[in-house]
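Listing of coords-v4.tsv; format and content: TSV, C-alpha atoms.
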chain	number	residue	atom	x	y	z
A	1	MET	CA	34.60	-32.71	-17.35
A	2	ASN	CA	33.35	-29.57	-19.16
A	3	GLU	CA	30.09	-28.18	-17.92
A	4	THR	CA	27.27	-28.19	-20.41
A	5	PRO	CA	25.67	-24.80	-21.20
A	6	GLN	CA	22.30	-26.51	-21.53
A	7	TRP	CA	22.21	-27.35	-17.82
A	8	GLY	CA	18.86	-26.56	-16.28
A	9	GLY	CA	15.46	-27.99	-15.55
A	10	LYS	CA	14.52	-28.60	-19.18
A	11	ALA	CA	17.76	-30.37	-20.05
A	12	TYR	CA	17.69	-32.45	-16.88
A	13	GLN	CA	14.06	-33.56	-17.10
A	14	SER	CA	14.40	-34.51	-20.75
A	15	SER	CA	17.54	-36.56	-20.07
A	16	LEU	CA	17.68	-40.31	-19.59
A	17	SER	CA	19.88	-39.72	-16.56
A	18	SER	CA	16.88	-38.29	-14.71
A	19	ARG	CA	14.90	-41.55	-14.96
A	20	CYS	CA	16.86	-43.87	-12.68
A	21	TRP	CA	16.25	-42.37	-9.24
A	22	TRP	CA	13.55	-44.70	-7.93
A	23	TYR	CA	13.69	-44.98	-4.13
A	24	THR	CA	15.63	-41.70	-3.80
A	25	PRO	CA	14.41	-38.14	-3.12
A	26	TRP	CA	14.91	-37.45	-6.83
A	27	ASP	CA	12.39	-39.98	-8.09
A	28	GLY	CA	10.02	-38.64	-10.74
A	29	ALA	CA	12.56	-36.70	-12.85
A	30	GLU	CA	11.57	-33.45	-11.14
A	31	TRP	CA	13.96	-30.50	-11.16
A	32	ASN	CA	14.69	-29.16	-7.69
A	33	GLU	CA	17.33	-27.25	-5.77
A	34	ALA	CA	19.22	-30.38	-4.73
A	35	VAL	CA	19.55	-31.54	-8.34
A	36	ALA	CA	20.49	-28.05	-9.53
A	37	ALA	CA	23.28	-27.84	-6.95
A	38	ASP	CA	24.71	-31.29	-7.65
A	39	ASN	CA	27.75	-30.86	-9.88
A	40	GLU	CA	28.16	-34.60	-10.34
A	41	VAL	CA	24.68	-34.96	-11.82
A	42	ARG	CA	25.42	-31.98	-14.05
A	43	GLU	CA	28.52	-33.76	-15.33
A	44	ILE	CA	26.63	-37.04	-15.80
A	45	VAL	CA	23.99	-35.30	-17.90
A	46	ALA	CA	26.78	-33.64	-19.89
A	47	MET	CA	28.28	-37.07	-20.57
A	48	GLU	CA	24.90	-38.24	-21.84
A	49	LEU	CA	24.39	-35.20	-24.10
A	50	ALA	CA	27.85	-35.68	-25.61
A	51	LEU	CA	26.89	-39.18	-26.74
A	52	GLY	CA	24.26	-38.07	-29.22
A	53	GLU	CA	21.85	-40.88	-30.03
A	54	ILE	CA	21.61	-43.40	-27.17
A	55	PRO	CA	21.43	-47.11	-28.09
A	56	ASP	CA	18.20	-48.82	-27.10
A	57	TRP	CA	19.96	-51.23	-24.75
A	58	ALA	CA	21.50	-48.29	-22.85
A	59	ARG	CA	18.16	-46.50	-22.65
A	60	ARG	CA	16.58	-49.61	-21.17
A	61	SER	CA	19.54	-50.04	-18.82
A	62	VAL	CA	18.81	-46.65	-17.26
A	63	GLU	CA	15.07	-47.22	-17.01
A	64	ILE	CA	15.26	-50.84	-15.87
A	65	THR	CA	18.59	-52.19	-14.63
A	66	ILE	CA	19.87	-49.05	-12.91
A	67	ARG	CA	16.47	-47.79	-11.81
A	68	MET	CA	15.52	-51.15	-10.29
A	69	THR	CA	18.84	-51.72	-8.49
A	70	GLN	CA	18.15	-53.27	-5.08
A	71	PRO	CA	17.45	-50.17	-2.97
A	72	CYS	CA	17.29	-51.42	0.61
A	73	GLY	CA	19.70	-54.30	0.87
A	74	HIS	CA	19.17	-57.90	-0.21
A	75	TYR	CA	20.06	-61.13	1.50
A	76	LEU	CA	21.99	-62.24	-1.62
A	77	LEU	CA	24.32	-59.23	-1.67
A	78	PRO	CA	26.31	-58.69	-3.90
A	79	ARG	CA	24.44	-60.62	-6.59
A	80	GLY	CA	22.10	-57.83	-7.68
A	81	PHE	CA	24.84	-55.25	-8.09
A	82	LEU	CA	27.06	-57.65	-10.00
A	83	GLU	CA	24.16	-58.46	-12.32
A	84	ALA	CA	23.67	-54.73	-12.93
A	85	ILE	CA	27.23	-54.22	-14.15
A	86	SER	CA	27.15	-57.48	-16.10
A	87	ALA	CA	24.14	-56.14	-18.01
A	88	ILE	CA	26.08	-52.98	-18.86
A	89	GLY	CA	29.14	-54.96	-19.88
A	90	ALA	CA	27.11	-57.29	-22.10
A	91	GLU	CA	24.93	-54.45	-23.45
A	92	LEU	CA	21.94	-56.65	-22.74
A	93	ILE	CA	18.94	-56.25	-20.39
A	94	PRO	CA	17.98	-59.38	-18.41
A	95	SER	CA	14.39	-60.61	-18.52
A	96	PHE	CA	14.35	-60.90	-14.73
A	97	VAL	CA	15.98	-58.32	-12.47
A	98	HIS	CA	16.70	-59.85	-9.08
A	99	GLY	CA	15.65	-56.82	-7.11
A	100	CYS	CA	12.95	-56.20	-4.56
A	101	TYR	CA	10.85	-59.21	-3.52
A	102	ALA	CA	12.96	-61.70	-5.52
A	103	VAL	CA	13.58	-64.78	-3.34
A	104	GLU	CA	15.04	-68.14	-4.38
A	105	THR	CA	14.16	-71.64	-3.19
A	106	THR	CA	16.71	-71.99	-0.38
A	107	ARG	CA	15.45	-68.88	1.41
A	108	LYS	CA	11.85	-70.00	1.11
A	109	ARG	CA	12.65	-73.40	2.56
A	110	GLN	CA	14.39	-71.75	5.50
A	111	MET	CA	11.22	-69.79	6.25
A	112	MET	CA	9.12	-72.92	5.81
A	113	ASP	CA	11.11	-74.57	8.62
A	114	TYR	CA	10.12	-71.76	10.97
A	115	ILE	CA	6.54	-71.88	9.74
A	116	PHE	CA	6.55	-75.59	10.57
A	117	CYS	CA	7.75	-74.77	14.09
A	118	LEU	CA	4.90	-72.31	14.58
A	119	ASP	CA	2.39	-74.74	13.11
A	120	ALA	CA	3.58	-77.44	15.53
A	121	TRP	CA	3.29	-75.05	18.46
A	122	LEU	CA	-0.24	-74.09	17.41
A	123	ALA	CA	-1.17	-77.77	17.17
A	124	GLY	CA	-0.03	-78.33	20.74
A	125	ALA	CA	2.87	-80.60	19.73
A	126	SER	CA	5.98	-80.83	21.88
A	127	SER	CA	9.16	-79.03	20.94
A	128	GLY	CA	10.90	-82.41	20.78
A	129	ALA	CA	8.47	-83.75	18.19
A	130	ALA	CA	9.00	-80.69	16.01
A	131	ALA	CA	12.79	-80.90	16.37
A	132	ARG	CA	12.88	-84.56	15.34
A	133	GLU	CA	11.13	-83.81	12.05
A	134	LEU	CA	13.33	-80.81	11.35
A	135	MET	CA	16.48	-82.81	11.97
A	136	ALA	CA	15.23	-85.32	9.43
A	137	LEU	CA	13.71	-82.96	6.86
A	138	GLY	CA	14.83	-79.40	7.65
A	139	ALA	CA	16.56	-77.21	5.08
A	140	ARG	CA	19.37	-76.20	7.45
A	141	ARG	CA	21.71	-78.17	9.69
A	142	ILE	CA	21.38	-76.23	12.94
A	143	ASP	CA	20.61	-77.28	16.50
A	144	TRP	CA	16.89	-77.77	16.02
A	145	PRO	CA	16.27	-79.25	19.51
A	146	ALA	CA	17.67	-76.05	21.03
A	147	VAL	CA	15.78	-73.81	18.58
A	148	CYS	CA	12.46	-75.53	19.24
A	149	ALA	CA	12.95	-75.63	23.00
A	150	ASP	CA	13.80	-71.92	23.07
A	151	LEU	CA	10.90	-71.01	20.77
A	152	TRP	CA	8.41	-72.97	22.89
A	153	SER	CA	9.80	-71.19	25.96
A	154	VAL	CA	9.48	-67.75	24.33
A	155	LEU	CA	5.90	-68.39	23.18
A	156	GLY	CA	4.90	-69.81	26.56
A	157	ASP	CA	1.41	-70.94	27.41
A	158	HIS	CA	-1.39	-70.81	24.88
A	159	THR	CA	-3.95	-68.02	25.06
A	160	GLU	CA	-6.62	-67.16	22.53
A	161	MET	CA	-4.93	-63.89	21.65
A	162	LYS	CA	-1.49	-65.45	21.30
A	163	ASP	CA	-2.78	-68.36	19.21
A	164	LEU	CA	-4.60	-66.03	16.82
A	165	LEU	CA	-1.59	-63.73	16.47
A	166	ILE	CA	0.64	-66.69	15.62
A	167	GLU	CA	-1.94	-68.11	13.21
A	168	ARG	CA	-2.20	-64.74	11.47
A	169	LEU	CA	1.60	-64.49	11.32
A	170	VAL	CA	1.89	-67.97	9.81
A	171	HIS	CA	-0.61	-67.02	7.13
A	172	ALA	CA	1.32	-63.87	6.24
A	173	GLN	CA	4.60	-65.78	5.99
A	174	ARG	CA	3.03	-68.42	3.76
A	175	VAL	CA	1.96	-65.66	1.39
A	176	LYS	CA	5.55	-64.42	1.21
A	177	VAL	CA	6.86	-67.91	0.51
A	178	LYS	CA	4.28	-68.60	-2.17
A	179	PHE	CA	4.40	-65.31	-4.07
A	180	SER	CA	7.99	-64.06	-3.81
A	181	PRO	CA	9.24	-64.72	-7.35
A	182	TRP	CA	12.43	-66.09	-8.85
A	183	ASP	CA	13.37	-67.06	-12.39
A	184	ASP	CA	12.16	-70.63	-11.91
A	185	ASP	CA	9.29	-69.89	-9.54
A	186	ARG	CA	6.48	-67.51	-10.44
A	187	GLY	CA	3.97	-68.68	-7.87
A	188	THR	CA	4.16	-72.22	-9.23
A	189	LYS	CA	6.32	-74.14	-6.73
A	190	PHE	CA	5.23	-73.38	-3.17
A	191	GLY	CA	1.87	-73.45	-1.45
A	192	ARG	CA	-0.06	-74.74	-4.42
A	193	ASP	CA	-2.39	-76.61	-2.07
A	194	GLU	CA	-3.07	-73.49	0.04
A	195	TYR	CA	-5.73	-70.86	-0.56
A	196	LEU	CA	-4.21	-67.73	1.00
A	197	GLY	CA	-6.45	-65.09	-0.54
A	198	ASP	CA	-7.72	-64.14	-3.97
A	199	ILE	CA	-5.04	-64.07	-6.65
A	200	THR	CA	-4.28	-60.62	-8.07
A	201	GLU	CA	-3.30	-59.64	-11.58
A	202	VAL	CA	-0.12	-57.88	-10.53
A	203	SER	CA	2.19	-58.65	-7.61
A	204	GLU	CA	4.32	-56.25	-5.60
A	205	ALA	CA	7.34	-57.71	-7.36
A	206	GLN	CA	5.81	-56.89	-10.75
A	207	GLU	CA	5.00	-53.34	-9.67
A	208	ASN	CA	8.37	-52.63	-8.06
A	209	GLY	CA	10.76	-54.62	-10.21
A	210	TYR	CA	11.40	-55.72	-13.74
A	211	ILE	CA	10.18	-59.19	-14.63
A	212	GLU	CA	9.00	-60.19	-18.06
A	213	GLY	CA	5.81	-62.24	-18.01
A	214	TYR	CA	3.06	-62.63	-15.48
A	215	ILE	CA	3.80	-62.77	-11.74
A	216	PRO	CA	0.69	-63.31	-9.59
A	217	GLY	CA	0.06	-61.62	-6.30
A	218	CYS	CA	-2.29	-62.33	-3.42
A	219	ASN	CA	-4.94	-60.34	-1.61
A	220	GLU	CA	-4.77	-61.84	1.87
A	221	LEU	CA	-7.70	-59.78	3.11
A	222	ALA	CA	-9.99	-61.53	0.63
A	223	SER	CA	-9.59	-64.75	2.62
A	224	PRO	CA	-12.60	-65.40	4.88
A	225	ARG	CA	-10.23	-67.16	7.29
A	226	VAL	CA	-8.11	-64.03	7.58
A	227	GLN	CA	-11.23	-61.90	7.98
A	228	ARG	CA	-12.41	-64.08	10.88
A	229	MET	CA	-9.02	-63.98	12.58
A	230	GLU	CA	-8.71	-60.23	12.24
A	231	ALA	CA	-12.26	-59.58	13.42
A	232	ARG	CA	-11.66	-61.59	16.59
A	233	LEU	CA	-8.24	-60.03	17.20
A	234	SER	CA	-9.75	-56.58	16.93
A	235	GLU	CA	-12.04	-57.58	19.81
A	236	ILE	CA	-9.53	-59.20	22.16
A	237	CYS	CA	-6.14	-57.63	21.37
A	238	PRO	CA	-5.78	-54.02	22.56
A	239	ALA	CA	-2.77	-53.49	20.28
A	240	TRP	CA	-4.16	-55.35	17.27
A	241	GLU	CA	-3.71	-52.57	14.71
A	242	GLU	CA	-0.05	-52.23	15.63
A	243	TYR	CA	0.45	-56.00	15.65
A	244	ARG	CA	-1.25	-56.18	12.27
A	245	SER	CA	1.19	-53.68	10.78
A	246	TYR	CA	4.16	-55.71	11.98
A	247	ILE	CA	2.68	-59.05	10.91
A	248	THR	CA	1.91	-57.93	7.36
A	249	TYR	CA	5.09	-55.85	7.00
A	250	GLY	CA	8.44	-57.30	5.95
A	251	TRP	CA	9.86	-59.21	3.01
A	252	LEU	CA	11.84	-62.42	2.68
A	253	CYS	CA	14.41	-60.63	0.54
A	254	ALA	CA	15.48	-58.41	3.43
A	255	PRO	CA	18.90	-59.28	4.88
A	256	LYS	CA	17.48	-59.49	8.40
A	257	ALA	CA	14.07	-60.94	7.57
A	258	PHE	CA	14.50	-63.75	10.09
A	259	ARG	CA	15.77	-61.41	12.81
A	260	TYR	CA	12.62	-59.36	12.28
A	261	LEU	CA	10.56	-62.54	12.70
A	262	GLU	CA	12.50	-63.38	15.86
A	263	ARG	CA	11.74	-60.02	17.45
A	264	LEU	CA	8.08	-60.21	16.48
A	265	LEU	CA	7.74	-63.68	18.00
A	266	TRP	CA	9.33	-62.38	21.18
A	267	ALA	CA	6.73	-59.59	21.34
A	268	ILE	CA	3.85	-62.03	20.76
A	269	GLY	CA	5.19	-64.54	23.28
A	270	HIS	CA	5.42	-61.83	25.92
A	271	GLU	CA	1.97	-60.49	24.92
A	272	ARG	CA	3.26	-56.97	24.62
A	273	ILE	CA	0.47	-54.49	24.16
A	274	GLY	CA	2.21	-51.26	25.14
A	275	THR	CA	4.58	-48.91	23.35
A	276	PRO	CA	6.99	-49.76	21.93
A	277	LEU	CA	5.42	-52.98	20.81
A	278	MET	CA	8.47	-54.37	19.00
A	279	PRO	CA	11.40	-54.95	21.36
A	280	SER	CA	14.85	-53.59	20.60
A	281	ASN	CA	17.62	-55.80	19.30
A	282	GLU	CA	19.32	-55.64	22.68
A	283	ASP	CA	16.26	-57.15	24.40
A	284	VAL	CA	15.94	-60.22	22.17
A	285	PRO	CA	18.44	-63.11	22.16
A	286	ASP	CA	18.99	-65.12	18.98
A	287	PHE	CA	16.72	-67.99	20.01
A	288	LEU	CA	16.00	-69.00	16.38
A	289	GLN	CA	19.72	-69.27	15.51
A	290	ILE	CA	19.32	-67.08	12.44
A	291	ALA	CA	22.84	-65.61	12.11
A	292	ASP	CA	23.67	-67.74	9.04
A	293	THR	CA	20.66	-66.28	7.20
A	294	VAL	CA	22.07	-62.73	7.51
A	295	PRO	CA	24.95	-61.57	5.28
A	296	ASN	CA	28.18	-60.95	7.14
A	297	GLN	CA	28.02	-57.16	7.46
A	298	ASP	CA	31.77	-56.77	7.94
A	299	GLU	CA	32.42	-58.66	4.69
A	300	ALA	CA	29.66	-56.65	3.01
A	301	ALA	CA	31.20	-53.35	4.13
A	302	LEU	CA	34.62	-54.31	2.77
A	303	TRP	CA	33.20	-55.59	-0.51
A	304	TRP	CA	31.12	-52.44	-0.91
A	305	ARG	CA	34.11	-50.12	-0.48
A	306	LEU	CA	36.20	-52.07	-3.00
A	307	PHE	CA	33.28	-52.32	-5.42
A	308	CYS	CA	32.63	-48.56	-5.43
A	309	GLU	CA	36.34	-47.82	-5.78
A	310	ALA	CA	36.52	-50.19	-8.76
A	311	LEU	CA	33.48	-48.65	-10.47
A	312	ASP	CA	34.85	-45.15	-9.97
A	313	ALA	CA	38.23	-46.10	-11.41
A	314	TRP	CA	36.67	-47.98	-14.34
A	315	TRP	CA	34.51	-45.16	-15.67
A	316	ARG	CA	37.42	-42.73	-15.33
A	317	GLY	CA	39.78	-45.09	-17.14
A	318	GLN	CA	42.15	-45.08	-14.18
A	319	PRO	CA	44.00	-48.02	-12.61
A	320	VAL	CA	42.73	-49.42	-9.34
A	321	THR	CA	44.54	-51.36	-6.64
A	322	ALA	CA	44.52	-55.00	-7.71
A	323	ASN	CA	42.06	-57.09	-5.71
A	324	SER	CA	39.50	-59.76	-6.45
A	325	VAL	CA	36.57	-57.33	-6.42
A	326	ALA	CA	38.21	-54.98	-8.93
A	327	GLY	CA	39.17	-57.93	-11.11
A	328	ASP	CA	35.55	-59.11	-11.13
A	329	VAL	CA	34.28	-55.61	-11.97
A	330	ASN	CA	36.72	-55.26	-14.87
A	331	ARG	CA	35.84	-58.71	-16.21
A	332	ARG	CA	32.10	-58.06	-16.11
A	333	LEU	CA	32.26	-54.59	-17.68
A	334	GLY	CA	34.76	-55.52	-20.38
A	335	GLY	CA	36.16	-52.85	-22.68
A	336	ALA	CA	35.25	-49.25	-21.98
A	337	THR	CA	33.07	-47.19	-24.32
A	338	PRO	CA	31.66	-43.70	-23.73
A	339	VAL	CA	28.15	-45.15	-23.35
A	340	LYS	CA	29.22	-47.71	-20.77
A	341	GLN	CA	31.30	-45.15	-18.87
A	342	TRP	CA	28.27	-42.87	-18.60
A	343	LEU	CA	26.09	-45.74	-17.38
A	344	VAL	CA	28.62	-46.91	-14.79
A	345	ARG	CA	29.02	-43.39	-13.43
A	346	LEU	CA	25.23	-43.01	-13.27
A	347	LEU	CA	24.89	-46.37	-11.50
A	348	LEU	CA	27.58	-45.44	-8.99
A	349	LYS	CA	25.84	-42.14	-8.23
A	350	LYS	CA	22.58	-44.00	-7.64
A	351	LEU	CA	24.28	-46.56	-5.38
A	352	LYS	CA	25.95	-43.89	-3.27
A	353	MET	CA	22.59	-42.20	-2.78
A	354	LEU	CA	21.08	-45.49	-1.64
A	355	GLU	CA	24.00	-46.07	0.72
A	356	ALA	CA	23.23	-42.76	2.41
A	357	ASN	CA	19.49	-43.31	2.83
A	358	GLY	CA	19.84	-44.56	6.43
A	359	GLU	CA	17.77	-47.68	5.83
A	360	GLU	CA	18.64	-51.37	5.85
A	361	PHE	CA	21.03	-51.05	2.93
A	362	THR	CA	23.01	-48.45	4.87
A	363	ARG	CA	23.15	-50.71	7.91
A	364	LEU	CA	24.28	-53.63	5.73
A	365	VAL	CA	27.29	-51.93	4.12
A	366	ASN	CA	28.02	-49.53	6.99
A	367	PRO	CA	26.91	-51.49	10.07
A	368	PRO	CA	26.74	-49.70	13.43
A	369	PRO	CA	29.03	-51.16	16.12
A	370	HIS	CA	26.32	-52.91	18.11
A	371	ALA	CA	24.16	-54.20	15.23
A	372	PHE	CA	23.13	-57.84	15.17
A	373	ARG	CA	25.86	-59.54	13.16
A	374	GLY	CA	25.29	-62.10	10.42
A	375	THR	CA	27.68	-64.90	9.50
A	376	ARG	CA	26.67	-65.86	5.95
A	377	PRO	CA	29.58	-65.24	3.55
A	378	ILE	CA	28.48	-62.69	0.98
A	379	THR	CA	29.96	-64.78	-1.81
A	380	SER	CA	27.71	-67.78	-1.09
Spit out the file's structure as structure tokens when you get a sec.
Amino acid sequence: MNETPQWGGKAYQSSLSSRCWWYTPWDGAEWNEAVAADNEVREIVAMELALGEIPDWARRSVEITIRMTQPCGHYLLPRGFLEAISAIGAELIPSFVHGCYAVETTRKRQMMDYIFCLDAWLAGASSGAAARELMALGARRIDWPAVCADLWSVLGDHTEMKDLLIERLVHAQRVKVKFSPWDDDRGTKFGRDEYLGDITEVSEAQENGYIEGYIPGCNELASPRVQRMEARLSEICPAWEEYRSYITYGWLCAPKAFRYLERLLWAIGHERIGTPLMPSNEDVPDFLQIADTVPNQDEAALWWRLFCEALDAWWRGQPVTANSVAGDVNRRLGGATPVKQWLVRLLLKKLKMLEANGEEFTRLVNPPPHAFRGTRPITS
């Protein structure tokens, strides 16, 4: 690839290629030393400049589909990445990008089962009573008697502090279930009989993703019930501010959302008030039986390697070792054009930056040896 003589801050910041780096150190289209020294970005910008006028669909692909690519892992891997290349192949921008905060019905129902468990514990019901209902009505076919018995054991005896922490946690999870959007659910399916806080004009999903149309959000702190709980917890719980950060943090779209819940419940059940508040993975057994809610990291790592190899070969016009992932990539992208080759190379650069960010996405496609392992096939 010939270097472009126009390379520099002005050329970079005026390029479309500079507008896709959300959730990376390069977000904001600012020129800096790292960008200046990156020969691959220089070549990508040169590819763009050689195209002349950019079609509108390609412009929107950079600013929407590539920019909003799932940055920190998603429980439905590889769906989001496959949708991104399908959009490039079809030269069409979807009206709903399944990125951050996007959660479909099955995932919500799984969380509702655990919310039911916590609600039953708060009510003083027996673990057996909760298990019987879940075996009849639960979204998953797991050993609910064992799950409920273990959860009741972890939570232990009721105390005012523990009850309020669980009640506050249940409220926060109900907000996530109600307001995490999907194509067929924009705050219209779940929790319609629950006031969880004043509705907001814009949700987190609307702010940090691309969704045409209105997606409501929720201000939990506007709820008088939440205000009463938090006021009392601030009086009786020495570590309330830290607990509050963990209770309100987290998203259902995260690959290990239920493992996070498991560890938090362990901390509440043991009434931890010291540092660190959240226990390590090694300290917490899988008492909620959540492995099938976590993508199989070993499958994800293999798919990721083959996917990146296929994208790299496709934009270069080179053959790639025949495998099902490469075949799927080639089918979705279709025939090569200079515009699509530029977009695919730009997308691949963005994805490799996300892979290296050290966050949950990194741990999903490059899992450390002793990480909690999921069992859900990534193709499901």
### Query
Which polymer residues, protein or nucleic acid, are no farther than 12 Å from (15.3, -60.9, 23.8), counting all atoms listed in the file, as a PyMOL selection string?
chain A and resi 150-151+153-154+259-260+262-270+278-288
May I have the residues from that selection written out with C-alpha atoms, as an mmCIF file, in the frame of the given file?
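Heads up, here's the output in selection02.cif:
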data_model
loop_
_atom_site.group_PDB
_atom_site.id
_atom_site.type_symbol
_atom_site.label_atom_id
_atom_site.label_comp_id
_atom_site.auth_asym_id
_atom_site.auth_seq_id
_atom_site.Cartn_x
_atom_site.Cartn_y
_atom_site.Cartn_z
ATOM 1 C CA ASP A 150 13.800 -71.920 23.070
ATOM 2 C CA LEU A 151 10.900 -71.010 20.770
ATOM 3 C CA SER A 153 9.800 -71.190 25.960
ATOM 4 C CA VAL A 154 9.480 -67.750 24.330
ATOM 5 C CA ARG A 259 15.770 -61.410 12.810
ATOM 6 C CA TYR A 260 12.620 -59.360 12.280
ATOM 7 C CA GLU A 262 12.500 -63.380 15.860
ATOM 8 C CA ARG A 263 11.740 -60.020 17.450
ATOM 9 C CA LEU A 264 8.080 -60.210 16.480
ATOM 10 C CA LEU A 265 7.740 -63.680 18.000
ATOM 11 C CA TRP A 266 9.330 -62.380 21.180
ATOM 12 C CA ALA A 267 6.730 -59.590 21.340
ATOM 13 C CA ILE A 268 3.850 -62.030 20.760
ATOM 14 C CA GLY A 269 5.190 -64.540 23.280
ATOM 15 C CA HIS A 270 5.420 -61.830 25.920
ATOM 16 C CA MET A 278 8.470 -54.370 19.000
ATOM 17 C CA PRO A 279 11.400 -54.950 21.360
ATOM 18 C CA SER A 280 14.850 -53.590 20.600
ATOM 19 C CA ASN A 281 17.620 -55.800 19.300
ATOM 20 C CA GLU A 282 19.320 -55.640 22.680
ATOM 21 C CA ASP A 283 16.260 -57.150 24.400
ATOM 22 C CA VAL A 284 15.940 -60.220 22.170
ATOM 23 C CA PRO A 285 18.440 -63.110 22.160
ATOM 24 C CA ASP A 286 18.990 -65.120 18.980
ATOM 25 C CA PHE A 287 16.720 -67.990 20.010
ATOM 26 C CA LEU A 288 16.000 -69.000 16.380
#
Using only C-alpha atoms, what residues lie at most 7 Å away from (27.2, -51.5, -15.1) (file coordinates), given as an mmCIF file with C-alpha atoms, in the frame of the given file?
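And here's out-v7.cif as it stands now:
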data_model
loop_
_atom_site.group_PDB
_atom_site.id
_atom_site.type_symbol
_atom_site.label_atom_id
_atom_site.label_comp_id
_atom_site.auth_asym_id
_atom_site.auth_seq_id
_atom_site.Cartn_x
_atom_site.Cartn_y
_atom_site.Cartn_z
ATOM 1 C CA ALA A 84 23.670 -54.730 -12.930
ATOM 2 C CA ILE A 85 27.230 -54.220 -14.150
ATOM 3 C CA SER A 86 27.150 -57.480 -16.100
ATOM 4 C CA ALA A 87 24.140 -56.140 -18.010
ATOM 5 C CA ILE A 88 26.080 -52.980 -18.860
ATOM 6 C CA GLY A 89 29.140 -54.960 -19.880
ATOM 7 C CA LEU A 333 32.260 -54.590 -17.680
ATOM 8 C CA LEU A 343 26.090 -45.740 -17.380
ATOM 9 C CA VAL A 344 28.620 -46.910 -14.790
ATOM 10 C CA LEU A 347 24.890 -46.370 -11.500
#
### Message
Nearest residue to A:Glu309 out of A:Gly335, A:Tyr114, A:Leu348, A:Tyr101, using all atoms listed in the file?
### Response
A:Leu348
### Query
Which polymer residues have any atom within 9 Å of an atom of stretch 130-146 of chain A, counting only C-alpha atoms, with same-chain residues fewer than 4 positions away left out, as a list in words?
Thr106, Arg109, Gln110, Met112, Asp113, Phe116, Cys117, Ala120, Trp121, Ala125, Ser126, Asp150, Leu151, Phe287, Leu288 and Gln289 of chain A
### Message
Give me the residues near stretch 181-183 of chain A as a list of chain:residue names, where near means some atom within 6 Å (using all atoms listed in the file) and where sequence neighbours in that chain fewer than 5 positions away do not count.
### Response
A:Ala102, A:Val103, A:Glu104
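Note that atom CA of A:Pro94 and atom CA of A:Glu359 are 26.9 Å apart.
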### Query
Could you work out how far atom CA of A:Pro295 lies from atom CA of A:Phe190, giving the answer in Å with one decimal?
24.5 Å
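Taking atom CA of A:Glu83 and atom CA of A:Glu299 as the two end points, the separation is 18.9 Å.
If all atoms listed in the file are the atoms counted, then among A:Arg272, A:Arg67, A:Arg42, A:Arg59 the closest residue to A:Val339 is A:Arg59.
With all atoms listed in the file taken into account, the protein and nucleic acid residues at most 10 Å from A:Leu346 (excluding it and anything under 4 positions from it in its own chain) are Ser17, Ser18, Cys20, Trp21, Glu40, Val41, Ile44, Val45, Met47, Glu48, Val62, Ile66, Trp315, Lys340, Gln341, Trp342, Lys350 and Leu351 of chain A.
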### Task
Point out the residue among A:Glu212, A:Lys162, A:Gly374, A:Trp152 with the least atom-to-atom distance to A:Thr293, counting only C-alpha atoms.
A:Gly374
Applying 10 Å and all atoms listed in the file, which residues near A:Asn357 remain after dropping the ones on its own chain fewer than 2 positions away? List them as a JSON list (two decimals) with C-alpha atoms, in the coordinates of the input.
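Listing of out37.json after writing:
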[["chain", "number", "residue", "atom", "x", "y", "z"],
["A", 23, "TYR", "CA", 13.69, -44.98, -4.13],
["A", 24, "THR", "CA", 15.63, -41.70, -3.80],
["A", 25, "PRO", "CA", 14.41, -38.14, -3.12],
["A", 71, "PRO", "CA", 17.45, -50.17, -2.97],
["A", 72, "CYS", "CA", 17.29, -51.42, 0.61],
["A", 352, "LYS", "CA", 25.95, -43.89, -3.27],
["A", 353, "MET", "CA", 22.59, -42.20, -2.78],
["A", 354, "LEU", "CA", 21.08, -45.49, -1.64],
["A", 355, "GLU", "CA", 24.00, -46.07, 0.72],
["A", 359, "GLU", "CA", 17.77, -47.68, 5.83],
["A", 360, "GLU", "CA", 18.64, -51.37, 5.85],
["A", 361, "PHE", "CA", 21.03, -51.05, 2.93],
["A", 362, "THR", "CA", 23.01, -48.45, 4.87],
["A", 363, "ARG", "CA", 23.15, -50.71, 7.91]]
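Between A:Cys308 and the residues A:Arg186, A:Gly124, A:Leu82, A:Tyr246, the shortest atom-to-atom distance, using all atoms listed in the file, involves A:Leu82.
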Emit stretch 292-306 of chain A of the structure in the block as a file comprising C-alpha atoms, as a compact mmCIF listing (two decimals), in the first residue's frame.
# COMPACT_ATOMS: atom_id res chain seq x y z
CA ASP A 292 -24.70 -22.34 30.56
CA THR A 293 -25.37 -18.58 30.58
CA VAL A 294 -21.69 -17.83 29.80
CA PRO A 295 -20.31 -18.32 26.27
CA ASN A 296 -17.79 -21.13 25.99
CA GLN A 297 -14.56 -19.11 26.06
CA ASP A 298 -12.51 -21.82 24.36
CA GLU A 299 -14.97 -21.90 21.45
CA ALA A 300 -15.02 -18.10 21.42
CA ALA A 301 -11.22 -17.92 21.26
CA LEU A 302 -11.07 -20.33 18.32
CA TRP A 303 -13.89 -18.58 16.47
CA TRP A 304 -12.25 -15.20 17.04
CA ARG A 305 -8.90 -16.30 15.59
CA LEU A 306 -10.56 -17.78 12.48
